[in-house]
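*Asks:* Got query.txt for you, compact mmCIF, C-alpha atoms and all ligand atoms:
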```
# COMPACT_ATOMS: atom_id res chain seq x y z
CA MET R 4 6.98 5.03 17.47
CA PRO R 5 10.13 5.57 15.39
CA PHE R 6 10.30 3.49 12.23
CA THR R 7 12.36 3.09 9.12
CA LEU R 8 11.51 1.97 5.59
CA ARG R 9 13.51 -0.66 3.78
CA ASP R 10 13.21 -3.16 0.94
CA TYR R 11 11.50 -6.47 1.56
CA SER R 12 13.75 -9.45 2.10
CA PRO R 13 12.54 -13.07 1.79
CA SER R 14 13.09 -13.59 5.55
CA ASP R 15 10.25 -11.05 6.12
CA PHE R 16 7.71 -13.30 4.42
CA GLU R 17 6.02 -14.77 7.52
CA ALA R 18 5.81 -11.35 9.21
CA LEU R 19 4.13 -9.92 6.09
CA TYR R 20 1.70 -12.79 6.00
CA GLU R 21 0.79 -12.25 9.69
CA ILE R 22 0.35 -8.50 9.18
CA ASP R 23 -1.89 -9.07 6.17
CA GLN R 24 -3.99 -11.60 8.09
CA ALA R 25 -4.40 -9.03 10.89
CA CYS R 26 -5.28 -6.17 8.53
CA TYR R 27 -7.97 -7.78 6.37
CA PRO R 28 -11.01 -9.94 7.08
CA ARG R 29 -10.88 -13.67 6.47
CA GLY R 30 -11.33 -14.42 2.78
CA ILE R 31 -9.92 -11.03 1.74
CA ALA R 32 -6.51 -11.40 3.42
CA TYR R 33 -4.05 -13.18 1.13
CA SER R 34 -3.13 -16.82 1.44
CA ARG R 35 0.61 -17.48 1.59
CA ARG R 36 0.42 -18.65 -2.00
CA MET R 37 -1.21 -15.42 -3.22
CA LEU R 38 1.18 -13.28 -1.24
CA ARG R 39 4.16 -15.16 -2.71
CA TRP R 40 2.70 -14.78 -6.19
CA TYR R 41 2.30 -10.99 -5.85
CA LEU R 42 5.82 -10.65 -4.49
CA SER R 43 7.27 -12.63 -7.37
CA GLN R 44 5.61 -10.72 -10.21
CA ARG R 45 7.78 -8.94 -12.73
CA GLY R 46 8.05 -5.26 -11.81
CA SER R 47 7.00 -5.98 -8.22
CA LEU R 48 8.21 -3.74 -5.44
CA CYS R 49 7.71 -4.29 -1.75
CA ILE R 50 8.65 -1.80 0.94
CA VAL R 51 8.43 -2.65 4.63
CA ALA R 52 8.16 -0.38 7.67
CA GLN R 53 10.17 -1.57 10.64
CA ALA R 54 10.11 -0.24 14.21
CA THR R 55 13.49 1.10 15.26
CA GLY R 56 12.96 1.23 19.04
CA ALA R 57 15.69 -0.21 21.26
CA ALA R 58 13.50 -3.10 22.45
CA GLU R 59 11.41 -3.95 19.39
CA GLN R 60 12.39 -4.03 15.75
CA ALA R 61 9.30 -5.75 14.45
CA LEU R 62 7.71 -5.05 11.10
CA VAL R 63 4.68 -2.80 11.47
CA GLY R 64 3.52 -2.40 7.88
CA PHE R 65 4.27 -2.95 4.22
CA LEU R 66 3.21 -2.06 0.70
CA ILE R 67 3.34 -4.11 -2.50
CA ALA R 68 3.09 -2.43 -5.91
CA HIS R 69 3.77 -3.37 -9.52
CA ALA R 70 5.22 -1.31 -12.32
CA ARG R 71 4.58 -2.19 -15.98
CA GLY R 72 5.75 0.55 -18.27
CA PRO R 73 3.64 3.66 -17.62
CA GLU R 74 1.10 1.68 -15.58
CA GLY R 75 1.50 1.07 -11.87
CA TYR R 76 -0.73 -0.85 -9.52
CA ILE R 77 -0.88 -0.88 -5.73
CA VAL R 78 -1.59 -4.44 -4.68
CA THR R 79 -1.90 -3.78 -0.96
CA ILE R 80 -0.88 -1.49 1.87
CA ASP R 81 -1.06 -2.78 5.42
CA VAL R 82 -0.27 -1.07 8.73
CA LEU R 83 -0.86 -2.87 12.03
CA GLU R 84 -3.86 -1.36 13.80
CA VAL R 85 -1.97 -0.21 16.92
CA HIS R 86 0.40 1.83 14.76
CA ARG R 87 -2.16 3.55 12.53
CA ARG R 88 -2.70 7.29 12.22
CA SER R 89 0.95 8.04 12.84
CA GLY R 90 2.11 8.49 9.26
CA ILE R 91 3.43 5.00 8.47
CA GLY R 92 0.96 4.42 5.63
CA THR R 93 1.80 7.84 4.20
CA ALA R 94 5.54 7.14 4.37
CA LEU R 95 5.10 3.78 2.61
CA LEU R 96 2.92 5.28 -0.10
CA GLN R 97 5.16 8.27 -0.75
CA GLU R 98 8.20 6.02 -1.09
CA ALA R 99 6.30 3.67 -3.42
CA GLU R 100 5.09 6.57 -5.59
CA ARG R 101 8.62 7.96 -5.75
CA ARG R 102 9.97 4.60 -6.94
CA LEU R 103 7.12 4.03 -9.37
CA ALA R 104 7.61 7.48 -10.91
CA LYS R 105 11.34 6.82 -11.20
CA ALA R 106 10.54 3.56 -13.02
CA GLY R 107 8.50 5.54 -15.56
CA VAL R 108 5.01 4.95 -14.14
CA ARG R 109 2.55 7.73 -14.89
CA HIS R 110 -0.76 6.23 -13.87
CA VAL R 111 -1.30 4.28 -10.63
CA GLY R 112 -4.41 2.19 -10.05
CA LEU R 113 -5.80 0.27 -7.11
CA GLN R 114 -8.98 -1.20 -5.73
CA THR R 115 -10.37 -0.61 -2.28
CA ALA R 116 -13.59 -1.89 -0.73
CA THR R 117 -16.34 0.74 -0.76
CA ASN R 118 -17.03 -0.09 2.91
CA ASN R 119 -13.39 0.46 3.94
CA GLU R 120 -13.79 3.96 5.37
CA ALA R 121 -10.20 4.30 6.57
CA GLY R 122 -8.86 3.02 3.26
CA VAL R 123 -11.04 5.30 1.14
CA ALA R 124 -10.17 8.34 3.33
CA PHE R 125 -6.47 7.46 3.10
CA TRP R 126 -6.48 7.19 -0.70
CA ARG R 127 -8.47 10.39 -1.16
CA ARG R 128 -6.11 12.21 1.19
CA HIS R 129 -3.27 11.17 -1.10
CA GLY R 130 -4.94 12.37 -4.29
CA TYR R 131 -6.50 9.12 -5.55
CA ARG R 132 -9.83 9.50 -7.30
CA SER R 133 -12.50 6.95 -8.09
CA SER R 134 -13.10 6.10 -11.73
CA GLY R 135 -15.94 3.69 -10.96
CA VAL R 136 -17.08 0.75 -8.89
CA THR R 137 -16.42 -2.93 -9.54
CA ARG R 138 -19.41 -4.82 -8.17
CA GLY R 139 -18.58 -7.87 -6.04
CA TYR R 140 -14.82 -7.39 -6.41
CA TYR R 141 -14.18 -9.01 -3.01
CA LEU R 142 -15.70 -12.47 -2.41
CA GLY R 143 -18.28 -11.79 -5.10
CA ARG R 144 -20.28 -9.58 -2.73
CA ILE R 145 -18.23 -6.59 -1.57
CA ASP R 146 -17.94 -3.72 -4.05
CA ALA R 147 -14.67 -1.91 -4.67
CA TYR R 148 -13.82 1.56 -5.89
CA ASP R 149 -11.43 1.55 -8.82
CA MET R 150 -9.09 4.36 -7.88
CA PHE R 151 -6.28 6.06 -9.74
CA LYS R 152 -3.75 8.85 -9.56
CA GLU R 153 -1.53 10.45 -12.17
CA LEU R 154 2.09 10.65 -11.04
CA HIS R 155 4.43 13.46 -11.93
CA GLN R 156 7.70 12.33 -13.42
CA PRO R 157 10.76 13.15 -11.34
CA ARG R 158 12.34 16.42 -12.39
CA ARG R 159 15.49 16.19 -14.49
CA PRO R 160 18.20 18.75 -13.88
CA ALA R 161 17.70 21.66 -16.27
CA THR R 162 20.09 21.64 -19.24
CA ALA R 163 21.76 24.85 -20.30
C1 LIG T 1 -5.26 2.51 5.19
C2 LIG T 1 -4.04 2.38 6.11
C3 LIG T 1 -2.90 1.74 5.33
C4 LIG T 1 -3.60 3.79 6.55
O1 LIG T 1 -2.37 3.66 7.27
P1 LIG T 1 -1.96 4.74 8.40
O2 LIG T 1 -0.55 4.49 8.78
O3 LIG T 1 -2.96 4.74 9.50
O4 LIG T 1 -2.09 6.10 7.57
P2 LIG T 1 -1.55 7.55 7.96
O5 LIG T 1 -1.33 7.66 9.44
O6 LIG T 1 -0.39 7.87 7.09
O7 LIG T 1 -2.83 8.44 7.54
C5 LIG T 1 -2.76 9.49 6.57
C6 LIG T 1 -4.11 10.13 6.41
O8 LIG T 1 -5.06 9.21 5.84
C7 LIG T 1 -6.38 9.48 6.37
N1 LIG T 1 -6.82 8.39 7.21
C8 LIG T 1 -6.12 7.30 7.58
N2 LIG T 1 -6.86 6.49 8.36
C9 LIG T 1 -8.06 7.09 8.50
C10 LIG T 1 -9.25 6.76 9.22
N3 LIG T 1 -9.34 5.64 9.97
N4 LIG T 1 -10.31 7.61 9.15
C11 LIG T 1 -10.22 8.74 8.41
N5 LIG T 1 -9.11 9.13 7.74
C12 LIG T 1 -8.04 8.31 7.77
C13 LIG T 1 -6.21 10.75 7.23
O9 LIG T 1 -6.37 11.87 6.38
C14 LIG T 1 -4.76 10.62 7.69
O10 LIG T 1 -4.19 11.84 8.08
P3 LIG T 1 -4.37 12.35 9.62
O11 LIG T 1 -4.04 11.19 10.53
O12 LIG T 1 -3.42 13.49 9.71
O13 LIG T 1 -5.82 12.75 9.75
C15 LIG T 1 -4.38 1.56 7.38
O14 LIG T 1 -5.59 2.04 7.94
C16 LIG T 1 -4.54 0.06 7.14
O15 LIG T 1 -3.55 -0.69 7.09
N6 LIG T 1 -5.78 -0.42 7.01
C17 LIG T 1 -6.03 -1.86 6.81
C18 LIG T 1 -5.64 -2.29 5.42
C19 LIG T 1 -6.34 -1.45 4.37
O16 LIG T 1 -7.54 -1.22 4.45
N7 LIG T 1 -5.56 -0.96 3.37
C20 LIG T 1 -6.10 -0.06 2.33
C21 LIG T 1 -6.92 -0.77 1.33
S1 LIG T 1 -5.92 -1.46 0.01
```
Can you give me the file's structure in the form of C-alpha cells?
*Replies:*
Amino acid sequence: MPFTLRDYSPSDFEALYEIDQACYPRGIAYSRRMLRWYLSQRGSLCIVAQATGAAEQALVGFLIAHARGPEGYIVTIDVLEVHRRSGIGTALLQEAERRLAKAGVRHVGLQTATNNEAGVAFWRRHGYRSSGVTRGYYLGRIDAYDMFKELHQPRRPATA
C-alpha cells in the first residue's frame, strides 16, 4: 500500500486515538487525555503515515517522540495490524531519528514490553539495545526493556 509521511495536525487526533487503541491492549493504550498530554509536551514531535491510494487516504500509523537537548525519547510507535511488515514503522522511525538528530539529540531512549516480540524485534533491527529491565512498568505487572540508541549527528558540509 502506498503511503506518505507528514506532520500531525490536530484534526488527526481521533484517528490517532483509534489507532493506539487498536495497537495496544486495554490499560496500556493511551486515554485521550494521556495522548493529548504527550502531544502537547515541549519538544514533542508527531509524524503520521497516511495511505495515498485513490480510494482511501486513512491514517495507518504514527510515532510520537520528544527531544530535550541531547536526550530524545520515543513515546510510542503504532502501525495498524493489517499494514505491518511493509516498512511503515521503519519509515516513521527513520524520519523521527533524522529530525531528532537535527534537533541535537544524541541519545534516544524508549521502553517496550518484554513480551512484545514484534516490538523488541523491530527495535533491535533498528539498532536499539537494552540497558536493563524495569519491573512492572506496564500496569504494575508487565516488565519493560529500557532501550537506547546513540544517534549520529547530521553531517555538516566540509569547510575548506
Ligand atoms: C512494532 C511495529 C511499529 C512495527 O511496524 P511495522 O510497520 O510492521 O515495521 P516494519 O515493516 O518497518 O518492520 C521492520 C523490521 O522490524 C522487524 N519486525 C517487525 N515486526 C516484526 C515481527 N512481528 N516479528 C519479527 N520481526 C519483526 C523485522 O526485522 C522487520 O523487517 P522485515 O519485515 O524485513 O523482516 C508494529 O508491529 C506495531 O505497531 N506494533 C504494535 C505497537 C507496538 O508494539 N509498538 C512498539 C512498542 S513501543
*Asks:* What's around R:Ile50 at 8 Å? Count all atoms listed in the file, leave out sequence neighbours fewer than 2 positions away in its own chain, and write the answer as a list in words.
*Replies:* Leu8, Arg9, Asp10, Tyr11, Leu48, Ala52, Phe65, Leu66, Ile67, Leu95 and Ala99 of chain R
*Asks:* Leaving out stretch 145-148 of chain R and any residue of its chain fewer than 2 positions from it, which residues lie within 7 Å of it when counting only C-alpha atoms, given as a ChimeraX atom specification?
*Replies:* /R:114-117,133,135-143,150
*Asks:* Produce a table with one row for each residue of chain R that has an atom at most 6 Å from any atom of ligand LIG 1 (chain T), each row naming the nearest atom pair and its distance in Å at one decimal; use all atoms listed in the file; arrange rows by chain and rising residue number; format as a Markdown table.
*Replies:*
```
| residue | atom | partner | partner_atom | distance |
| --- | --- | --- | --- | --- |
| R:Cys26 | CA | T:LIG1 | C17 | 4.7 |
| R:Thr79 | CA | T:LIG1 | S1 | 4.7 |
| R:Ile80 | CA | T:LIG1 | N7 | 4.9 |
| R:Asp81 | CA | T:LIG1 | O15 | 3.7 |
| R:Val82 | CA | T:LIG1 | O15 | 3.7 |
| R:Arg87 | CA | T:LIG1 | O3 | 3.4 |
| R:Arg88 | CA | T:LIG1 | O5 | 3.1 |
| R:Ser89 | CA | T:LIG1 | O5 | 4.1 |
| R:Gly90 | CA | T:LIG1 | O6 | 3.4 |
| R:Ile91 | CA | T:LIG1 | O2 | 4.0 |
| R:Gly92 | CA | T:LIG1 | O2 | 3.5 |
| R:Thr93 | CA | T:LIG1 | O6 | 3.6 |
| R:Thr115 | CA | T:LIG1 | C21 | 5.0 |
| R:Ala121 | CA | T:LIG1 | C10 | 3.7 |
| R:Gly122 | CA | T:LIG1 | C1 | 4.1 |
| R:Ala124 | CA | T:LIG1 | N5 | 4.6 |
| R:Phe125 | CA | T:LIG1 | O8 | 3.5 |
| R:Arg128 | CA | T:LIG1 | O9 | 5.2 |
```
*Asks:* At a cut-off of 10 Å around the point (-3.5, 10.1, -6.8) (file coordinates), what residues fall inside when counting only C-alpha atoms? I'd like the answer as a ChimeraX atom specification.
*Replies:* /R:100,110-112,126-133,150-154
*Asks:* Please produce a file of those selected residues containing C-alpha atoms, as a short mmCIF file (atom, residue, chain, number, x, y, z; two decimals), in the coordinates of the input.
*Replies:*
```
data_model
loop_
_atom_site.label_atom_id
_atom_site.label_comp_id
_atom_site.auth_asym_id
_atom_site.auth_seq_id
_atom_site.Cartn_x
_atom_site.Cartn_y
_atom_site.Cartn_z
CA GLU R 100 5.09 6.57 -5.59
CA HIS R 110 -0.76 6.23 -13.87
CA VAL R 111 -1.30 4.28 -10.63
CA GLY R 112 -4.41 2.19 -10.05
CA TRP R 126 -6.48 7.19 -0.70
CA ARG R 127 -8.47 10.39 -1.16
CA ARG R 128 -6.11 12.21 1.19
CA HIS R 129 -3.27 11.17 -1.10
CA GLY R 130 -4.94 12.37 -4.29
CA TYR R 131 -6.50 9.12 -5.55
CA ARG R 132 -9.83 9.50 -7.30
CA SER R 133 -12.50 6.95 -8.09
CA MET R 150 -9.09 4.36 -7.88
CA PHE R 151 -6.28 6.06 -9.74
CA LYS R 152 -3.75 8.85 -9.56
CA GLU R 153 -1.53 10.45 -12.17
CA LEU R 154 2.09 10.65 -11.04
#
```
*Asks:* Expressed in Å to a single decimal, how great is the separation between atom CA of R:Arg39 and atom CA of R:Leu83?
*Replies:*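 Atom-to-atom, atom CA of R:Arg39 and atom CA of R:Leu83 are spaced 19.8 Å apart.
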*Asks:* Contacts of R:Arg35 at 9 Å or less, counting only C-alpha atoms, minus same-chain residues fewer than 4 places along, as a list of chain:residue names?
*Replies:*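 In the requested form, the answer reads R:Phe16, R:Glu17, R:Tyr20, R:Arg39, R:Trp40.
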*Asks:* Choose the residue, out of R:Gly75, R:Pro157, R:Gly107, R:Gly64, that has the smallest atom-to-atom separation from R:Thr7; count only C-alpha atoms.
*Replies:*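 Of R:Gly75, R:Pro157, R:Gly107, R:Gly64, the one nearest R:Thr7, counting only C-alpha atoms, is R:Gly64.
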*Asks:* Considering only C-alpha atoms, state which residue in the set R:Leu62, R:Leu42, R:Leu96, R:Ala25 is at the smallest distance from R:Glu84.
*Replies:* R:Ala25
*Asks:* Counting only C-alpha atoms, which of R:Gln156, R:Ala161, R:Leu38, R:Ser12 gets nearest to R:Gln24?
*Replies:*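 Nearest candidate to R:Gln24 out of R:Gln156, R:Ala161, R:Leu38, R:Ser12: R:Leu38.
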*Asks:* Please, what distance in Å, to one decimal, runs between atom CA of R:Ala68 and atom CA of R:Asn119?
*Replies:*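 About the pair atom CA of R:Ala68 and atom CA of R:Asn119: they are 19.4 Å apart.
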*Asks:* Quick one, how far is atom CA of R:Tyr76 from atom CA of R:Leu113?
*Replies:*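 Atom-to-atom, atom CA of R:Tyr76 to atom CA of R:Leu113, that is 5.7 Å.
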*Asks:* Take the point (2.5, 3.9, -17.9) as written in the file and pick out every residue within 6 Å of it, counting all atoms listed in the file; give the list as a list of chain:residue names.
*Replies:*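 Residues close enough to count: R:Gly72, R:Pro73, R:Glu74, R:Val108, R:Arg109, R:His110.
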*Asks:* Could the residues in this selection be saved with C-alpha atoms as a compact mmCIF listing (two decimals), in the coordinates of the input?
*Replies:*
```txt
# COMPACT_ATOMS: atom_id res chain seq x y z
CA GLY R 72 5.75 0.55 -18.27
CA PRO R 73 3.64 3.66 -17.62
CA GLU R 74 1.10 1.68 -15.58
CA VAL R 108 5.01 4.95 -14.14
CA ARG R 109 2.55 7.73 -14.89
CA HIS R 110 -0.76 6.23 -13.87
```
*Asks:* Find the residue from R:Met4, R:Ala70, R:Arg29, R:Gly56 that sits nearest to R:Arg101; use only C-alpha atoms when measuring.
*Replies:*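 Of the candidates, the smallest distance to R:Arg101 is held by R:Ala70.
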*Asks:* Can you tell me, as a list in words, what residues are no more than 9 Å from R:Ala18 when counting all atoms listed in the file, ignoring any on the same chain fewer than 5 positions away?
*Replies:*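 So, after excluding close chain neighbours, the residues are Asp23, Ala61, Leu62 and Val63 of chain R.
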*Asks:* Quick one: 6 Å padding each side, axis-aligned, all listed atoms of stretch 65-78 of chain R - centre and edge lengths in Å to one decimal, as lines of an AutoDock Vina configuration file?
*Replies:*
```
center_x = 2.1
center_y = -0.4
center_z = -7.0
size_x = 19.3
size_y = 20.1
size_z = 34.5
```
*Asks:* Give me stretch 124-152 of chain R from this structure - N, CA and C atoms, as a PDB file, in the first residue's frame.
*Replies:*
```pdb
ATOM      1  N   ALA R 124      11.775  -7.103  18.394  1.00  0.00           N
ATOM      2  CA  ALA R 124      12.488  -7.426  17.138  1.00  0.00           C
ATOM      3  C   ALA R 124      12.667  -6.158  16.297  1.00  0.00           C
ATOM      4  N   PHE R 125      11.636  -5.333  16.266  1.00  0.00           N
ATOM      5  CA  PHE R 125      11.691  -4.088  15.483  1.00  0.00           C
ATOM      6  C   PHE R 125      12.794  -3.176  16.018  1.00  0.00           C
ATOM      7  N   TRP R 126      12.816  -2.977  17.343  1.00  0.00           N
ATOM      8  CA  TRP R 126      13.822  -2.057  17.905  1.00  0.00           C
ATOM      9  C   TRP R 126      15.228  -2.597  17.691  1.00  0.00           C
ATOM     10  N   ARG R 127      15.398  -3.896  17.899  1.00  0.00           N
ATOM     11  CA  ARG R 127      16.750  -4.464  17.709  1.00  0.00           C
ATOM     12  C   ARG R 127      17.186  -4.305  16.259  1.00  0.00           C
ATOM     13  N   ARG R 128      16.259  -4.560  15.356  1.00  0.00           N
ATOM     14  CA  ARG R 128      16.562  -4.413  13.923  1.00  0.00           C
ATOM     15  C   ARG R 128      17.066  -3.006  13.608  1.00  0.00           C
ATOM     16  N   HIS R 129      16.571  -2.031  14.379  1.00  0.00           N
ATOM     17  CA  HIS R 129      16.969  -0.639  14.112  1.00  0.00           C
ATOM     18  C   HIS R 129      18.078  -0.153  15.040  1.00  0.00           C
ATOM     19  N   GLY R 130      18.791  -1.088  15.656  1.00  0.00           N
ATOM     20  CA  GLY R 130      19.995  -0.731  16.403  1.00  0.00           C
ATOM     21  C   GLY R 130      19.775  -0.333  17.842  1.00  0.00           C
ATOM     22  N   TYR R 131      18.576  -0.547  18.386  1.00  0.00           N
ATOM     23  CA  TYR R 131      18.325  -0.230  19.800  1.00  0.00           C
ATOM     24  C   TYR R 131      18.780  -1.405  20.656  1.00  0.00           C
ATOM     25  N   ARG R 132      19.411  -1.074  21.765  1.00  0.00           N
ATOM     26  CA  ARG R 132      19.935  -2.096  22.671  1.00  0.00           C
ATOM     27  C   ARG R 132      19.300  -1.915  24.037  1.00  0.00           C
ATOM     28  N   SER R 133      19.208  -3.024  24.780  1.00  0.00           N
ATOM     29  CA  SER R 133      18.603  -2.948  26.102  1.00  0.00           C
ATOM     30  C   SER R 133      19.654  -2.579  27.141  1.00  0.00           C
ATOM     31  N   SER R 134      19.289  -1.629  28.008  1.00  0.00           N
ATOM     32  CA  SER R 134      20.222  -1.273  29.085  1.00  0.00           C
ATOM     33  C   SER R 134      19.698  -1.810  30.410  1.00  0.00           C
ATOM     34  N   GLY R 135      18.593  -2.540  30.379  1.00  0.00           N
ATOM     35  CA  GLY R 135      18.055  -3.111  31.615  1.00  0.00           C
ATOM     36  C   GLY R 135      16.568  -3.357  31.492  1.00  0.00           C
ATOM     37  N   VAL R 136      15.988  -3.789  32.592  1.00  0.00           N
ATOM     38  CA  VAL R 136      14.555  -4.095  32.607  1.00  0.00           C
ATOM     39  C   VAL R 136      13.917  -3.313  33.749  1.00  0.00           C
ATOM     40  N   THR R 137      12.797  -2.640  33.455  1.00  0.00           N
ATOM     41  CA  THR R 137      12.021  -2.007  34.520  1.00  0.00           C
ATOM     42  C   THR R 137      10.873  -2.951  34.866  1.00  0.00           C
ATOM     43  N   ARG R 138      10.922  -3.475  36.074  1.00  0.00           N
ATOM     44  CA  ARG R 138       9.899  -4.442  36.508  1.00  0.00           C
ATOM     45  C   ARG R 138       8.559  -3.737  36.667  1.00  0.00           C
ATOM     46  N   GLY R 139       7.500  -4.367  36.133  1.00  0.00           N
ATOM     47  CA  GLY R 139       6.143  -3.856  36.326  1.00  0.00           C
ATOM     48  C   GLY R 139       5.891  -2.501  35.696  1.00  0.00           C
ATOM     49  N   TYR R 140       6.632  -2.179  34.630  1.00  0.00           N
ATOM     50  CA  TYR R 140       6.486  -0.850  34.007  1.00  0.00           C
ATOM     51  C   TYR R 140       5.058  -0.627  33.512  1.00  0.00           C
ATOM     52  N   TYR R 141       4.459  -1.667  32.939  1.00  0.00           N
ATOM     53  CA  TYR R 141       3.075  -1.550  32.442  1.00  0.00           C
ATOM     54  C   TYR R 141       2.129  -2.182  33.454  1.00  0.00           C
ATOM     55  N   LEU R 142       1.162  -1.419  33.915  1.00  0.00           N
ATOM     56  CA  LEU R 142       0.096  -1.900  34.809  1.00  0.00           C
ATOM     57  C   LEU R 142       0.639  -2.538  36.079  1.00  0.00           C
ATOM     58  N   GLY R 143       1.868  -2.239  36.420  1.00  0.00           N
ATOM     59  CA  GLY R 143       2.463  -2.790  37.635  1.00  0.00           C
ATOM     60  C   GLY R 143       2.802  -4.268  37.545  1.00  0.00           C
ATOM     61  N   ARG R 144       2.601  -4.875  36.354  1.00  0.00           N
ATOM     62  CA  ARG R 144       2.873  -6.322  36.278  1.00  0.00           C
ATOM     63  C   ARG R 144       3.561  -6.768  34.993  1.00  0.00           C
ATOM     64  N   ILE R 145       3.681  -5.885  34.015  1.00  0.00           N
ATOM     65  CA  ILE R 145       4.366  -6.293  32.776  1.00  0.00           C
ATOM     66  C   ILE R 145       5.703  -5.554  32.715  1.00  0.00           C
ATOM     67  N   ASP R 146       6.774  -6.355  32.591  1.00  0.00           N
ATOM     68  CA  ASP R 146       8.119  -5.761  32.578  1.00  0.00           C
ATOM     69  C   ASP R 146       8.404  -5.093  31.234  1.00  0.00           C
ATOM     70  N   ALA R 147       9.310  -4.133  31.265  1.00  0.00           N
ATOM     71  CA  ALA R 147       9.701  -3.455  30.018  1.00  0.00           C
ATOM     72  C   ALA R 147      11.218  -3.419  29.905  1.00  0.00           C
ATOM     73  N   TYR R 148      11.706  -3.592  28.683  1.00  0.00           N
ATOM     74  CA  TYR R 148      13.113  -3.321  28.410  1.00  0.00           C
ATOM     75  C   TYR R 148      13.283  -1.809  28.312  1.00  0.00           C
ATOM     76  N   ASP R 149      14.328  -1.312  28.931  1.00  0.00           N
ATOM     77  CA  ASP R 149      14.754   0.073  28.715  1.00  0.00           C
ATOM     78  C   ASP R 149      15.730   0.004  27.542  1.00  0.00           C
ATOM     79  N   MET R 150      15.362   0.638  26.441  1.00  0.00           N
ATOM     80  CA  MET R 150      16.216   0.505  25.254  1.00  0.00           C
ATOM     81  C   MET R 150      16.770   1.867  24.852  1.00  0.00           C
ATOM     82  N   PHE R 151      17.884   1.846  24.172  1.00  0.00           N
ATOM     83  CA  PHE R 151      18.501   3.111  23.772  1.00  0.00           C
ATOM     84  C   PHE R 151      19.285   2.943  22.483  1.00  0.00           C
ATOM     85  N   LYS R 152      19.548   4.061  21.860  1.00  0.00           N
ATOM     86  CA  LYS R 152      20.405   4.086  20.666  1.00  0.00           C
ATOM     87  C   LYS R 152      21.129   5.427  20.636  1.00  0.00           C
TER      88      LYS R 152
END
```
